[in-house]
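Engineer: Got a structure for you, questions after.
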Amino acid sequence: MSNAHTPHDMSDPLRQARRITRPLVLVGLMGVGKTSIGRRLASALDRDFVDADEEIERAADRTVAEIFEAHGEAYFRDGERRVIARLMEEGHGVIATGGGAFVDPETRALVLDQGLAIWLDCDIETLVERTSRKNTRPLLKTSDPHAILRDLKEQRSPVYAQAQIHVVTGDGPHELAVERIIEELAAWQ
Ligand SMILES: Nc1ncnc2c1ncn2[C@@H]1O[C@H](COP(=O)(O)OP(=O)(O)O)[C@@H](O)[C@H]1O
Ligand SMILES: O=C(O)C1=C[C@@H](OP(=O)(O)O)[C@@H](O)[C@H](O)C1
Ligand SMILES: [Mg+2]
């Protein structure tokens, strides 16, 4: 018997996941899907979505690549730290960070204390393929993006591992990743 359109019939994991009121903060390497999966996750949970890189670009009125080029990475990281602190303060439903944001100790402490960090993780080959479609990522504008991603994975994995939730996504559709996250959220708490 199905009455799929009533709120009571909402699948149990979704209902459980919706009980979490802290900001859900997506962390993980470039190309893993923080921005695109984050947007869909917010929609599934009926929460608002913000992308930290987009907010940085809006505040600076420049793209991430332009900020790196004009001022360097350290300057970008300062802005990133401030923007994420503001987004946490504003209390958004789902926040997609840029891949380096959670590496900052202040940002990490804030997210772990007041939000729920979700580490999206997948294999390097998939990340190389996905990030090759756009050249908006200054760290990958090199002759060997595979080597950069492999090194970043090695350096950052112990840090990402501090996230409360770890979801390994494959090269399946975004919706599958959203489902997996919702199941993990339902099991958390
Ligand atoms: N699970 C997925 N399945 C298929 N394509 C994906 C998936 N996750 C991300 N992508 C694609 O990979 C690219 C990079 O994803 P994006 O959300 O920008 O990653 P991030 O914000 O983590 O760098 C986008 O074109 C996106 O649509
Ligand atoms: O991993 C990183 O250090 C970065 C990731 C990028 O965001 P995505 O992870 O959304 O690609 C962006 O913030 C910047 O290019 C630096
Ligand atoms: Mg992104």
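Every chain in the structure tokens takes a letter, A first, then B, and so on in the order presented; its residues are numbered from 1, and the ligands are numbered from 1 following the presented order.
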Considering only C-alpha atoms, return as a ChimeraX atom specification whatever protein or nucleic-acid residues lie within 9 Å of range 168-179 of chain A, sequence-local ones (same chain, fewer than 4 positions apart) excluded.
Structural biologist: /A:13-14,32-33,36-38,40-41,44,119-123,126,183-184
Engineer: Grab me every residue within 6 Å of ligand 3, counting only C-alpha atoms and all ligand atoms, and send it over as a PyMOL selection string.
Structural biologist: chain A and resi 34-35+98
Engineer: Restricting the output to N, CA and C atoms, write the selected residues as a PDB file, in the first residue's frame.
Structural biologist:
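Saved result, out_1.pdb, follows:
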```pdb
ATOM      1  N   LYS A  34      31.390  18.466  -4.292  1.00  0.00           N
ATOM      2  CA  LYS A  34      30.865  19.265  -3.171  1.00  0.00           C
ATOM      3  C   LYS A  34      29.821  20.273  -3.646  1.00  0.00           C
ATOM      4  N   THR A  35      30.137  20.969  -4.724  1.00  0.00           N
ATOM      5  CA  THR A  35      29.220  21.989  -5.226  1.00  0.00           C
ATOM      6  C   THR A  35      27.966  21.362  -5.828  1.00  0.00           C
ATOM      7  N   GLY A  98      35.323  25.034  -0.662  1.00  0.00           N
ATOM      8  CA  GLY A  98      36.377  24.708  -1.621  1.00  0.00           C
ATOM      9  C   GLY A  98      37.281  23.683  -0.948  1.00  0.00           C
TER      10      GLY A  98
END
```
Engineer: So how far away is atom 22 (O, counted along the ligand's line) of ligand 1 from CA of Gly31 in chain A, in Å?
Structural biologist: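 Between these atoms lies a distance of 4.1 Å.
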Engineer: As a quick test: using only C-alpha atoms and all ligand atoms, which residues lie no more than 10 Å away from ligand 2? Give them as a PyMOL selection string.
Structural biologist: chain A and resi 26-36+51-54+56+63-65+67-68+73+76-77+80+96-103+127+131+134-141+149+152-153+156
Engineer: When you draw a straight line from CA of Asp46 in chain A to CA of Ser11 in chain A, how long is it in Å?
Structural biologist: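 Taking CA of Asp46 in chain A as the start and CA of Ser11 in chain A as the end point, the length is 14.1 Å.
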Engineer: So what do you get for CA of Gly91 in chain A versus CA of Glu57 in chain A, distance-wise?
Structural biologist: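 Atom-to-atom, CA of Gly91 in chain A and CA of Glu57 in chain A are spaced 19.6 Å apart.
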Engineer: Can you pull out every residue from range 93-136 of chain A that DSSP, working from the backbone, puts in helix (DSSP H, G or I), and format the result as number ranges by chain?
Structural biologist: A: 101-103, 105-114, 124-131
Engineer: Save the residues we just selected, N, CA and C atoms, as a compact mmCIF listing (two decimals), in the first residue's frame?
Structural biologist:
```txt
# COMPACT_ATOMS: atom_id res chain seq x y z
N ALA A 101 39.54 24.52 2.17
CA ALA A 101 39.01 25.29 3.31
C ALA A 101 39.13 24.55 4.65
N PHE A 102 38.81 23.27 4.64
CA PHE A 102 38.77 22.49 5.89
C PHE A 102 40.18 22.23 6.43
N VAL A 103 41.18 22.47 5.59
CA VAL A 103 42.57 22.29 6.02
C VAL A 103 42.97 23.40 6.99
N PRO A 105 42.97 25.32 10.23
CA PRO A 105 42.59 24.85 11.57
C PRO A 105 41.40 25.60 12.17
N GLU A 106 41.34 26.93 11.93
CA GLU A 106 40.21 27.71 12.49
C GLU A 106 38.89 27.30 11.85
N THR A 107 38.91 27.20 10.53
CA THR A 107 37.70 26.80 9.80
C THR A 107 37.27 25.41 10.24
N ARG A 108 38.25 24.53 10.34
CA ARG A 108 37.93 23.14 10.70
C ARG A 108 37.30 23.07 12.10
N ALA A 109 37.88 23.80 13.05
CA ALA A 109 37.36 23.78 14.42
C ALA A 109 35.93 24.32 14.45
N LEU A 110 35.70 25.39 13.71
CA LEU A 110 34.37 26.00 13.67
C LEU A 110 33.35 25.04 13.07
N VAL A 111 33.72 24.44 11.96
CA VAL A 111 32.79 23.53 11.27
C VAL A 111 32.50 22.31 12.15
N LEU A 112 33.54 21.76 12.77
CA LEU A 112 33.33 20.55 13.59
C LEU A 112 32.50 20.85 14.83
N ASP A 113 32.64 22.08 15.33
CA ASP A 113 31.92 22.44 16.55
C ASP A 113 30.47 22.81 16.28
N GLN A 114 30.25 23.58 15.19
CA GLN A 114 28.91 24.12 14.97
C GLN A 114 28.17 23.53 13.79
N ILE A 124 41.21 9.01 -7.52
CA ILE A 124 41.91 10.09 -8.22
C ILE A 124 41.56 10.15 -9.71
N GLU A 125 41.46 9.00 -10.35
CA GLU A 125 41.18 9.00 -11.80
C GLU A 125 39.88 9.73 -12.10
N THR A 126 38.87 9.48 -11.28
CA THR A 126 37.58 10.16 -11.46
C THR A 126 37.74 11.67 -11.25
N LEU A 127 38.51 12.05 -10.24
CA LEU A 127 38.71 13.49 -9.97
C LEU A 127 39.44 14.16 -11.13
N VAL A 128 40.45 13.47 -11.67
CA VAL A 128 41.21 14.04 -12.79
C VAL A 128 40.28 14.26 -13.98
N GLU A 129 39.45 13.25 -14.25
CA GLU A 129 38.55 13.35 -15.39
C GLU A 129 37.56 14.51 -15.20
N ARG A 130 36.97 14.59 -14.00
CA ARG A 130 35.96 15.64 -13.78
C ARG A 130 36.56 17.04 -13.78
N THR A 131 37.73 17.19 -13.17
CA THR A 131 38.31 18.54 -13.08
C THR A 131 38.89 18.99 -14.41
```
Engineer: Using only C-alpha atoms and all ligand atoms for the distances, tell me which of A:Ile181, A:Ile84, A:Ala17, A:Leu45 is nearest to ligand 1.
Structural biologist: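 Nearest candidate to ligand 1 out of A:Ile181, A:Ile84, A:Ala17, A:Leu45: A:Ile181.
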Engineer: As a list in words, please: all residues of chain A that backbone DSSP puts in strand (DSSP E or B).
Structural biologist: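 Put together, the selection reads Leu24, Val25, Leu26, Val27, Phe49, Val50, Asp51, Val94, Ile95, Ala96, Leu116, Ala117, Ile118, Trp119, Leu120, Asp121, Ile165, His166, Val167 and Val168 of chain A.
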